[in-house]
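Chemist: Contents of start-v5.tsv (TSV, C-alpha atoms and all ligand atoms):
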```
chain	number	residue	atom	x	y	z
A	1	MET	CA	0.00	0.00	0.00
A	2	LEU	CA	1.39	3.41	-0.99
A	3	LYS	CA	0.97	6.23	1.45
A	4	ILE	CA	0.44	9.52	-0.39
A	5	LEU	CA	0.27	12.75	1.55
A	6	THR	CA	-1.89	15.29	-0.27
A	7	LEU	CA	-1.28	18.95	0.55
A	8	ILE	CA	-4.06	21.40	-0.27
A	9	GLY	CA	-4.92	24.83	1.04
A	10	ALA	CA	-6.40	27.18	-1.54
A	11	ARG	CA	-9.84	27.05	-3.09
A	12	PRO	CA	-8.91	25.64	-6.52
A	13	GLN	CA	-6.89	22.89	-4.84
A	14	PHE	CA	-9.92	21.58	-2.96
A	15	ILE	CA	-11.68	21.24	-6.29
A	16	LYS	CA	-8.75	19.47	-7.96
A	17	ALA	CA	-8.17	17.16	-5.00
A	18	ALA	CA	-11.79	16.03	-5.12
A	19	ALA	CA	-11.17	14.34	-8.48
A	20	ILE	CA	-8.17	12.38	-7.20
A	21	SER	CA	-9.84	11.42	-3.91
A	22	ARG	CA	-12.86	10.17	-5.87
A	23	ALA	CA	-10.65	8.06	-8.17
A	24	ILE	CA	-8.76	6.58	-5.19
A	25	LYS	CA	-12.02	5.70	-3.47
A	26	LYS	CA	-13.50	4.16	-6.61
A	27	SER	CA	-10.59	2.23	-8.13
A	28	PHE	CA	-7.40	2.41	-6.04
A	29	SER	CA	-8.44	2.07	-2.39
A	30	ASP	CA	-6.46	-1.20	-2.07
A	31	LYS	CA	-3.31	0.45	-3.49
A	32	ILE	CA	-3.25	4.06	-2.28
A	33	GLU	CA	-3.78	5.39	1.22
A	34	GLU	CA	-4.28	9.15	1.14
A	35	VAL	CA	-3.45	11.41	4.09
A	36	ILE	CA	-4.85	14.90	3.54
A	37	VAL	CA	-3.21	18.02	4.95
A	38	HIS	CA	-5.01	21.39	4.78
A	39	SER	CA	-2.39	24.14	4.92
A	40	GLY	CA	-4.89	26.72	6.19
A	41	GLN	CA	-4.13	29.17	3.36
A	42	HIS	CA	-7.86	29.63	2.74
A	43	TYR	CA	-9.95	29.45	5.86
A	44	ASP	CA	-13.33	31.19	5.39
A	45	THR	CA	-16.34	28.89	5.27
A	46	ASN	CA	-17.19	29.94	1.72
A	47	MET	CA	-13.54	29.66	0.59
A	48	SER	CA	-12.88	26.29	2.22
A	49	THR	CA	-15.45	24.32	4.28
A	50	VAL	CA	-18.18	24.54	1.66
A	51	PHE	CA	-15.93	22.77	-0.85
A	52	PHE	CA	-15.20	19.86	1.48
A	53	ASP	CA	-18.92	19.39	2.08
A	54	GLU	CA	-20.06	19.83	-1.49
A	55	LEU	CA	-17.31	17.87	-3.24
A	56	ALA	CA	-17.40	15.05	-0.68
A	57	LEU	CA	-13.70	15.55	0.00
A	58	PRO	CA	-12.48	13.47	2.94
A	59	LYS	CA	-11.98	15.56	6.08
A	60	PRO	CA	-8.31	16.57	6.32
A	61	ASN	CA	-6.18	14.49	8.67
A	62	TYR	CA	-4.29	17.66	9.57
A	63	THR	CA	-5.35	21.32	9.36
A	64	PHE	CA	-2.87	24.08	10.05
A	65	GLU	CA	-3.92	27.34	11.66
A	66	LEU	CA	-1.63	29.93	10.16
A	67	GLN	CA	-0.57	32.90	12.22
A	68	ALA	CA	1.63	34.56	9.58
A	69	GLN	CA	0.35	37.24	7.21
A	70	GLY	CA	1.63	37.74	3.70
A	71	HIS	CA	3.11	35.41	1.13
A	72	SER	CA	6.55	34.80	2.67
A	73	GLY	CA	5.31	34.25	6.21
A	74	GLN	CA	2.51	32.01	4.98
A	75	THR	CA	4.88	29.89	2.86
A	76	ALA	CA	7.44	29.59	5.65
A	77	GLU	CA	4.87	28.60	8.25
A	78	ILE	CA	3.33	25.91	6.03
A	79	LEU	CA	6.82	24.56	5.27
A	80	GLN	CA	7.70	24.30	8.97
A	81	LYS	CA	4.41	22.73	10.00
A	82	LEU	CA	4.44	20.31	7.09
A	83	GLU	CA	7.91	19.08	7.96
A	84	ILE	CA	6.62	17.85	11.31
A	85	VAL	CA	3.78	15.94	9.62
A	86	LEU	CA	6.13	14.43	7.03
A	87	ALA	CA	8.41	13.16	9.80
A	88	LYS	CA	5.46	11.57	11.55
A	89	GLU	CA	3.63	10.10	8.56
A	90	LYS	CA	6.66	9.09	6.46
A	91	PRO	CA	4.68	9.01	3.19
A	92	ASN	CA	5.99	7.44	-0.02
A	93	ALA	CA	5.31	10.72	-1.80
A	94	LEU	CA	3.87	14.19	-1.32
A	95	LEU	CA	1.20	15.31	-3.81
A	96	VAL	CA	0.71	19.00	-4.59
A	97	TYR	CA	-1.54	20.89	-7.01
A	98	GLY	CA	-1.12	23.99	-9.09
A	99	ASP	CA	0.92	27.03	-8.14
A	100	THR	CA	-0.10	28.58	-4.86
A	101	ASN	CA	2.02	29.38	-1.82
A	102	THR	CA	0.81	26.07	-0.39
A	103	THR	CA	2.21	24.29	-3.46
A	104	LEU	CA	5.61	25.93	-3.09
A	105	ALA	CA	5.79	25.17	0.64
A	106	GLY	CA	5.02	21.53	-0.16
A	107	ALA	CA	7.69	21.38	-2.86
A	108	LEU	CA	10.35	22.76	-0.52
A	109	ALA	CA	9.35	20.48	2.34
A	110	ALA	CA	9.46	17.41	0.08
A	111	SER	CA	12.82	18.41	-1.34
A	112	LYS	CA	14.43	19.11	2.03
A	113	ASN	CA	13.11	15.87	3.51
A	114	HIS	CA	13.98	13.70	0.47
A	115	ILE	CA	10.41	12.71	-0.22
A	116	SER	CA	9.26	12.20	-3.81
A	117	LEU	CA	7.12	15.07	-5.03
A	118	ILE	CA	4.16	14.59	-7.36
A	119	HIS	CA	2.98	17.76	-9.12
A	120	ILE	CA	-0.43	17.90	-10.72
A	121	GLU	CA	-0.85	20.80	-13.16
A	122	ALA	CA	2.86	20.82	-13.98
A	123	GLY	CA	4.47	22.76	-16.84
A	124	LEU	CA	2.14	25.75	-17.02
A	125	ARG	CA	3.89	29.03	-17.68
A	126	SER	CA	2.70	32.59	-18.07
A	127	PHE	CA	6.29	33.81	-18.70
A	128	ASN	CA	5.54	36.61	-16.27
A	129	LYS	CA	7.66	36.23	-13.18
A	130	THR	CA	6.02	39.17	-11.41
A	131	MET	CA	3.06	36.84	-10.87
A	132	PRO	CA	3.60	35.00	-7.57
A	133	GLU	CA	2.26	31.80	-9.11
A	134	GLU	CA	4.90	31.73	-11.87
A	135	ILE	CA	7.78	31.37	-9.41
A	136	ASN	CA	5.77	28.89	-7.34
A	137	ARG	CA	5.16	26.64	-10.32
A	138	ILE	CA	8.70	26.79	-11.74
A	139	MET	CA	10.21	25.91	-8.36
A	140	THR	CA	7.71	23.13	-7.79
A	141	ASP	CA	8.32	21.55	-11.19
A	142	HIS	CA	12.06	21.54	-10.56
A	143	CYS	CA	11.58	19.74	-7.22
A	144	SER	CA	9.24	17.08	-8.66
A	145	SER	CA	9.84	13.45	-9.57
A	146	LEU	CA	6.46	12.76	-11.12
A	147	LEU	CA	4.89	15.54	-13.18
A	148	PHE	CA	1.38	15.54	-14.63
A	149	CYS	CA	0.75	18.11	-17.36
A	150	PRO	CA	-2.75	19.13	-18.43
A	151	THR	CA	-1.72	20.08	-21.99
A	152	ALA	CA	0.90	19.35	-24.65
A	153	THR	CA	2.13	22.95	-24.31
A	154	ALA	CA	2.88	22.28	-20.65
A	155	VAL	CA	5.00	19.24	-21.59
A	156	GLU	CA	6.94	21.41	-24.08
A	157	ASN	CA	7.46	24.15	-21.48
A	158	LEU	CA	9.07	21.61	-19.16
A	159	GLN	CA	11.30	20.25	-21.92
A	160	LYS	CA	12.59	23.77	-22.58
A	161	GLU	CA	13.64	23.95	-18.92
A	162	GLY	CA	15.37	20.56	-19.11
A	163	ILE	CA	12.63	18.56	-17.44
A	164	ALA	CA	11.86	15.67	-19.78
A	165	HIS	CA	10.44	12.20	-19.30
A	166	THR	CA	13.18	9.69	-18.51
A	167	ASN	CA	13.20	5.93	-18.47
A	168	GLY	CA	15.03	5.40	-15.19
A	169	ASN	CA	13.56	5.25	-11.72
A	170	CYS	CA	11.24	8.08	-10.89
A	171	THR	CA	13.48	10.56	-9.04
A	172	VAL	CA	13.95	14.30	-9.02
A	173	ASP	CA	16.99	13.91	-11.31
A	174	THR	CA	15.27	11.35	-13.56
A	175	PRO	CA	11.67	12.53	-13.52
A	176	LYS	CA	8.65	11.11	-15.27
A	177	VAL	CA	6.47	13.52	-17.21
A	178	PHE	CA	2.98	12.64	-18.42
A	179	ALA	CA	0.36	14.56	-20.37
A	180	CYS	CA	-2.82	13.53	-18.62
A	181	GLY	CA	-5.52	16.06	-19.50
A	182	ASP	CA	-7.05	18.37	-16.97
A	183	ILE	CA	-8.55	17.12	-13.73
A	184	MET	CA	-10.65	20.28	-13.54
A	185	TYR	CA	-12.36	18.98	-16.65
A	186	ASP	CA	-13.06	15.68	-14.83
A	187	ASN	CA	-14.74	17.66	-12.09
A	188	SER	CA	-16.71	20.01	-14.29
A	189	ILE	CA	-18.22	17.05	-16.10
A	190	TYR	CA	-18.88	15.16	-12.88
A	191	PHE	CA	-20.45	18.04	-10.95
A	192	SER	CA	-22.30	19.62	-13.85
A	193	ASP	CA	-25.31	17.39	-13.13
A	194	TYR	CA	-25.37	18.50	-9.49
A	195	SER	CA	-25.45	22.21	-10.24
A	196	LYS	CA	-28.74	23.92	-9.46
A	197	GLU	CA	-30.08	27.16	-10.75
A	198	ASN	CA	-31.10	28.62	-7.38
A	199	ILE	CA	-28.24	31.07	-7.53
A	200	LEU	CA	-29.66	32.53	-10.76
A	201	ILE	CA	-33.13	32.91	-9.28
A	202	GLU	CA	-31.85	34.38	-6.01
A	203	ASN	CA	-29.87	37.01	-7.89
A	204	ASP	CA	-32.42	37.69	-10.61
A	205	LEU	CA	-30.07	36.52	-13.38
A	206	LYS	CA	-31.70	35.57	-16.67
A	207	LYS	CA	-30.23	32.64	-18.60
A	208	ASP	CA	-27.83	33.64	-21.37
A	209	ALA	CA	-28.44	37.30	-20.64
A	210	TYR	CA	-25.82	38.16	-18.02
A	211	LEU	CA	-22.05	38.35	-17.92
A	212	LEU	CA	-20.02	36.50	-15.30
A	213	PHE	CA	-17.10	38.41	-13.82
A	214	THR	CA	-14.39	37.27	-11.40
A	215	MET	CA	-11.20	39.03	-10.33
A	216	HIS	CA	-8.71	38.28	-7.57
A	217	ARG	CA	-5.17	38.57	-9.00
A	218	PRO	CA	-2.91	41.01	-7.13
A	219	SER	CA	-2.01	42.59	-10.49
A	220	ASN	CA	-5.64	43.78	-10.72
A	221	THR	CA	-6.60	44.24	-7.08
A	222	ASP	CA	-3.48	45.80	-5.60
A	223	GLU	CA	-2.97	48.67	-8.03
A	224	PRO	CA	-5.57	51.35	-7.10
A	225	LYS	CA	-5.64	53.10	-10.49
A	226	ARG	CA	-6.09	49.88	-12.41
A	227	LEU	CA	-8.72	48.62	-9.98
A	228	LYS	CA	-10.74	51.82	-10.33
A	229	ASN	CA	-10.41	51.69	-14.10
A	230	ILE	CA	-11.66	48.08	-14.23
A	231	CYS	CA	-14.71	48.96	-12.13
A	232	LYS	CA	-15.49	51.93	-14.40
A	233	MET	CA	-15.10	50.02	-17.63
A	234	LEU	CA	-17.36	47.25	-16.36
A	235	MET	CA	-20.08	49.73	-15.41
A	236	ARG	CA	-19.84	51.35	-18.85
A	237	LEU	CA	-20.02	47.95	-20.59
A	238	ALA	CA	-23.07	47.00	-18.53
A	239	ASP	CA	-24.78	50.32	-19.29
A	240	LYS	CA	-24.01	50.19	-23.00
A	241	HIS	CA	-25.39	46.67	-23.47
A	242	GLN	CA	-27.96	46.79	-20.63
A	243	LYS	CA	-26.52	43.56	-19.22
A	244	ALA	CA	-26.30	42.35	-15.65
A	245	ILE	CA	-22.82	41.43	-14.47
A	246	ALA	CA	-22.67	38.71	-11.79
A	247	PHE	CA	-19.59	39.15	-9.62
A	248	PRO	CA	-18.86	36.53	-6.95
A	249	MET	CA	-16.29	38.46	-4.96
A	250	HIS	CA	-13.05	37.00	-3.58
A	251	PRO	CA	-12.05	38.21	-0.08
A	252	ARG	CA	-8.83	39.74	-1.50
A	253	THR	CA	-10.90	41.83	-3.93
A	254	LYS	CA	-13.34	42.92	-1.23
A	255	LYS	CA	-10.45	44.15	0.92
A	256	ALA	CA	-8.87	45.91	-2.06
A	257	LEU	CA	-12.09	47.70	-3.08
A	258	LEU	CA	-12.62	48.92	0.48
A	259	THR	CA	-9.01	50.09	0.72
A	260	HIS	CA	-8.32	51.56	-2.71
A	261	LEU	CA	-11.58	53.10	-3.92
A	262	SER	CA	-12.92	56.43	-2.70
A	263	VAL	CA	-16.27	56.28	-0.92
A	264	GLU	CA	-17.94	57.77	-4.01
A	265	ASP	CA	-16.37	55.30	-6.45
A	266	LEU	CA	-17.12	52.37	-4.17
A	267	GLU	CA	-20.76	53.37	-3.82
A	268	ALA	CA	-21.14	53.92	-7.54
A	269	PHE	CA	-19.81	50.43	-8.20
A	270	VAL	CA	-21.55	48.37	-5.52
A	271	GLN	CA	-24.88	50.17	-5.98
A	272	HIS	CA	-24.79	50.08	-9.77
A	273	SER	CA	-28.06	48.60	-10.99
A	274	PHE	CA	-26.37	46.10	-13.32
A	275	ILE	CA	-23.53	44.98	-11.04
A	276	LYS	CA	-24.62	42.04	-8.88
A	277	ILE	CA	-22.10	41.39	-6.14
A	278	LEU	CA	-22.30	37.86	-4.74
A	279	GLU	CA	-20.46	36.06	-1.94
A	280	PRO	CA	-17.68	33.70	-3.16
A	281	ALA	CA	-19.62	30.91	-4.90
A	282	SER	CA	-19.49	27.21	-4.07
A	283	PHE	CA	-18.29	24.95	-6.88
A	284	THR	CA	-21.73	23.84	-8.04
A	285	ASP	CA	-23.04	27.42	-7.85
A	286	MET	CA	-20.05	28.53	-9.90
A	287	ILE	CA	-20.83	25.85	-12.49
A	288	ALA	CA	-24.43	27.07	-12.63
A	289	LEU	CA	-23.22	30.66	-13.14
A	290	GLU	CA	-20.80	29.54	-15.87
A	291	LYS	CA	-23.23	27.27	-17.69
A	292	ASN	CA	-25.94	29.89	-17.92
A	293	CYS	CA	-24.06	33.09	-18.61
A	294	GLU	CA	-23.56	34.76	-21.95
A	295	LEU	CA	-19.86	35.49	-21.58
A	296	VAL	CA	-17.13	35.33	-18.92
A	297	ILE	CA	-14.70	38.08	-17.92
A	298	THR	CA	-12.02	36.82	-15.54
A	299	ASP	CA	-8.43	36.85	-14.34
A	300	SER	CA	-8.71	33.33	-12.89
A	301	GLY	CA	-7.00	30.42	-14.63
A	302	GLY	CA	-9.61	27.92	-13.52
A	303	VAL	CA	-12.55	30.08	-14.59
A	304	GLN	CA	-10.98	30.62	-18.05
A	305	LYS	CA	-11.00	26.87	-18.58
A	306	GLU	CA	-14.42	26.32	-17.07
A	307	ALA	CA	-15.78	28.95	-19.47
A	308	TYR	CA	-14.33	26.83	-22.28
A	309	PHE	CA	-15.71	23.56	-20.84
A	310	PHE	CA	-19.19	25.12	-20.84
A	311	GLU	CA	-18.68	26.65	-24.28
A	312	LYS	CA	-18.70	30.30	-23.28
A	313	PRO	CA	-16.49	33.01	-24.75
A	314	CYS	CA	-14.02	34.45	-22.30
A	315	LEU	CA	-12.28	37.81	-21.92
A	316	ILE	CA	-9.07	37.44	-19.93
A	317	LEU	CA	-8.36	40.36	-17.64
A	318	ARG	CA	-4.59	39.84	-17.66
A	319	SER	CA	-1.68	40.63	-19.92
A	320	GLU	CA	-1.09	36.96	-20.71
A	321	THR	CA	-2.41	33.49	-19.92
A	322	GLU	CA	-0.99	30.03	-19.29
A	323	TRP	CA	-4.00	28.53	-21.06
A	324	VAL	CA	-2.83	29.55	-24.52
A	325	GLU	CA	-4.84	26.81	-26.25
A	326	ILE	CA	-8.16	28.50	-25.62
A	327	VAL	CA	-6.85	31.78	-27.03
A	328	GLU	CA	-5.43	30.02	-30.11
A	329	GLN	CA	-8.81	28.35	-30.54
A	330	GLY	CA	-10.42	31.82	-30.67
A	331	ALA	CA	-12.64	31.15	-27.67
A	332	ALA	CA	-10.82	33.56	-25.37
A	333	ILE	CA	-9.14	36.95	-25.85
A	334	VAL	CA	-6.50	38.51	-23.62
A	335	ILE	CA	-7.77	42.05	-22.96
A	336	ASP	CA	-5.55	43.10	-20.05
A	337	ALA	CA	-7.41	46.03	-18.44
A	338	ASN	CA	-7.85	47.83	-21.74
A	339	GLU	CA	-11.33	49.24	-22.34
A	340	GLU	CA	-11.00	49.39	-26.10
A	341	LYS	CA	-10.04	45.72	-26.20
A	342	LEU	CA	-12.88	44.90	-23.82
A	343	ASN	CA	-15.41	46.57	-26.10
A	344	SER	CA	-14.06	45.34	-29.42
A	345	SER	CA	-13.67	41.76	-28.11
A	346	PHE	CA	-17.16	41.84	-26.65
A	347	ASP	CA	-18.57	42.99	-30.00
A	348	LEU	CA	-16.54	40.34	-31.85
A	349	PHE	CA	-17.93	37.56	-29.66
A	350	GLN	CA	-21.47	38.82	-30.27
A	351	SER	CA	-21.05	38.41	-33.99
A	352	LYS	CA	-18.81	35.35	-34.25
A	353	SER	CA	-19.81	31.70	-33.93
A	354	LEU	CA	-17.31	29.74	-31.86
A	355	THR	CA	-16.29	26.10	-31.72
A	356	PHE	CA	-14.99	24.34	-28.63
A	357	PRO	CA	-13.11	21.17	-29.60
A	358	ASN	CA	-11.88	19.06	-26.71
A	359	LEU	CA	-8.49	20.38	-25.57
A	360	PHE	CA	-8.38	19.10	-22.02
A	361	GLY	CA	-8.59	15.32	-22.08
A	362	ASP	CA	-11.41	12.83	-21.78
A	363	GLY	CA	-12.61	13.47	-18.22
A	364	TRP	CA	-10.61	10.51	-16.83
A	365	SER	CA	-7.38	12.30	-15.89
A	366	ALA	CA	-7.65	11.42	-12.22
A	367	GLU	CA	-7.84	7.69	-12.97
A	368	PHE	CA	-4.80	7.99	-15.26
A	369	ILE	CA	-2.85	9.88	-12.58
A	370	CYS	CA	-3.62	7.32	-9.88
A	371	LYS	CA	-2.58	4.48	-12.20
A	372	LYS	CA	0.76	6.17	-12.91
A	373	ILE	CA	1.34	6.92	-9.21
A	374	VAL	CA	0.91	3.23	-8.44
A	375	GLU	CA	3.28	2.24	-11.27
A	376	GLU	CA	5.98	4.86	-10.70
A	377	ILE	CA	6.25	5.64	-6.97
A	401	LIG	C1	-4.45	32.25	-3.91
A	401	LIG	C2	-3.39	31.80	-4.93
A	401	LIG	C3	-3.93	31.95	-6.34
A	401	LIG	C4	-5.28	31.29	-6.50
A	401	LIG	C5	-6.22	31.82	-5.43
A	401	LIG	C6	-7.58	31.19	-5.49
A	401	LIG	C7	-1.10	32.22	-4.16
A	401	LIG	C8	0.13	33.00	-4.38
A	401	LIG	N1	-2.18	32.61	-4.84
A	401	LIG	O1	-4.62	33.64	-4.12
A	401	LIG	O2	-3.02	31.36	-7.24
A	401	LIG	O3	-5.79	31.57	-7.78
A	401	LIG	O4	-5.64	31.56	-4.14
A	401	LIG	O5	-8.45	31.84	-4.65
A	401	LIG	O6	-1.07	31.26	-3.41
A	401	LIG	N2	-8.59	35.52	2.47
A	401	LIG	C9	-9.67	35.55	3.31
A	401	LIG	N3	-10.33	34.36	3.50
A	401	LIG	C10	-9.93	33.20	2.92
A	401	LIG	C11	-8.83	33.23	2.04
A	401	LIG	C12	-8.17	34.41	1.83
A	401	LIG	O7	-10.06	36.57	3.85
A	401	LIG	O8	-10.55	32.16	3.17
A	401	LIG	C13	-7.83	36.76	2.29
A	401	LIG	C14	-6.42	36.61	2.88
A	401	LIG	O9	-6.38	36.91	4.23
A	401	LIG	C15	-5.64	37.57	2.04
A	401	LIG	C16	-6.36	37.54	0.71
A	401	LIG	O10	-7.66	37.01	0.92
A	401	LIG	O11	-5.72	38.87	2.54
A	401	LIG	C17	-5.60	36.74	-0.31
A	401	LIG	O12	-5.49	35.37	0.09
A	401	LIG	P1	-4.21	34.51	-0.37
A	401	LIG	O13	-4.41	33.11	0.08
A	401	LIG	O14	-2.96	35.21	0.03
A	401	LIG	O15	-4.18	34.58	-1.93
A	401	LIG	P2	-5.33	34.54	-3.01
A	401	LIG	O16	-5.48	35.89	-3.56
A	401	LIG	O17	-6.56	33.84	-2.50
```
With the file now loaded, output its structure as structure tokens.
Ligand code: UD1

Modeler:
Amino acid sequence: MLKILTLIGARPQFIKAAAISRAIKKSFSDKIEEVIVHSGQHYDTNMSTVFFDELALPKPNYTFELQAQGHSGQTAEILQKLEIVLAKEKPNALLVYGDTNTTLAGALAASKNHISLIHIEAGLRSFNKTMPEEINRIMTDHCSSLLFCPTATAVENLQKEGIAHTNGNCTVDTPKVFACGDIMYDNSIYFSDYSKENILIENDLKKDAYLLFTMHRPSNTDEPKRLKNICKMLMRLADKHQKAIAFPMHPRTKKALLTHLSVEDLEAFVQHSFIKILEPASFTDMIALEKNCELVITDSGGVQKEAYFFEKPCLILRSETEWVEIVEQGAAIVIDANEEKLNSSFDLFQSKSLTFPNLFGDGWSAEFICKKIVEEI
């Protein structure tokens, strides 16, 4: 029996981990024992607990209560606390997801304690090192022995950095790299049937007649001028097209709006008749919002892909994306925070018919990953 220690801590990681935990329970329970550690990075009920309940994720075996504020403190504290758990549990491997501070802390702890590291969502690159996630993911990939890439581009990115599939034992110097599709796609398919439309009714959102907006990246929230500009351009877009904009708001964004906007600007935004501010949505509520909207505007990587899974055009509120396939396919446009691009891209999507060929696997990535873990670790 392999003992795998799964480290999660931020909202998207709960969602990703659900797919693997489900596959272990269904097909690998005699081969893999999973110990779950919650780093405590996200802690609010609607950023954490709701996902465990809704996605039927096993309760974590360990949950850290972080005292530190800020990225460095948070990463250091998770690293220290995790080391103690690794010494106690002595797992065969540590499994981490994505590119958050939790991921990086896990990668460093595994490396320093000579424990094999498995990285799911390996090889993604934005080529923008000012993004905290870019450093997190590069470091994590270079500490990993077993790397699972969601796309062919991700495999190529790793090759360019000298991380290629080898035939030896699975070690950090002779890693194994697999393209496995996207486990977020597994989940979107699986949970799509569970999504209910209550959230639309409660917020008076009409099917196919509202825009879905999410924003939480520091590059958008932490720069007051840019934040104000984004709020203004959204209000103008809503007014011009008489469209509601549903905005489930991340705690980071809430704090930033309260800090950076003047009282007048804040009031104009939150009381705008077309802007519908929602609490952070659960996964099935988010699926309902994505499935029924007309178009998505986001700076989230996960939401960009989910827009594609549910065949919605997407405007990316960043200067670049790791999910280049959806842009190449013409289903998403990088608009940065540029109002002209927002308007012209919006108009383009109104007039253009889009196609959404399958770019992210067959919905069985988690099963593939578990099979490879059993073979390689
Ligand atoms: C983190 C990840 C990001 C991911 C996002 C998903 C890093 C570097 N970034 O960003 O890649 O897309 O999670 O949400 O790891 N907060 C709360 N309650 C919570 C969680 C956070 O109030 O439950 C507050 C924090 O106190 C902090 C802010 O929100 O002030 C940001 O949280 P943090 O975990 O640092 O980063 P995210 O912006 O969520």

Chemist: Which residues are near ligand LIG 401 (chain A) in this structure, taking near to mean any atom at most 6 Å from a ligand atom and counting only C-alpha atoms and all ligand atoms? Format them as a ChimeraX atom specification.

Modeler: /A:10-12,41-44,47,99-101,132-133,216,251-252

Chemist: Out of A:Trp364, A:Phe274, A:Phe310, A:Phe178, which residue has the shortest atom-to-atom distance to Asp204 of chain A when counting all atoms listed in the file?

Modeler: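 Of A:Trp364, A:Phe274, A:Phe310, A:Phe178, the one nearest Asp204 of chain A, counting all atoms listed in the file, is A:Phe274.
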
Chemist: Quick check, in Å to one decimal: how far apart do atom CA of Asp347 of chain A and atom CA of Lys232 of chain A lie?

Modeler: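 Interatomic distance, atom CA of Asp347 of chain A to atom CA of Lys232 of chain A: 18.2 Å.
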
Chemist: Could you jot down the atom CA of Ile245 of chain A to atom CA of Lys225 of chain A separation for me, Å, one decimal place?

Modeler: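 Going from atom CA of Ile245 of chain A over to atom CA of Lys225 of chain A covers 21.1 Å.
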
Chemist: Could you please determine the separation between atom CA of Ala17 of chain A and atom CA of Glu306 of chain A in Å, to one decimal place?

Modeler: 16.4 Å
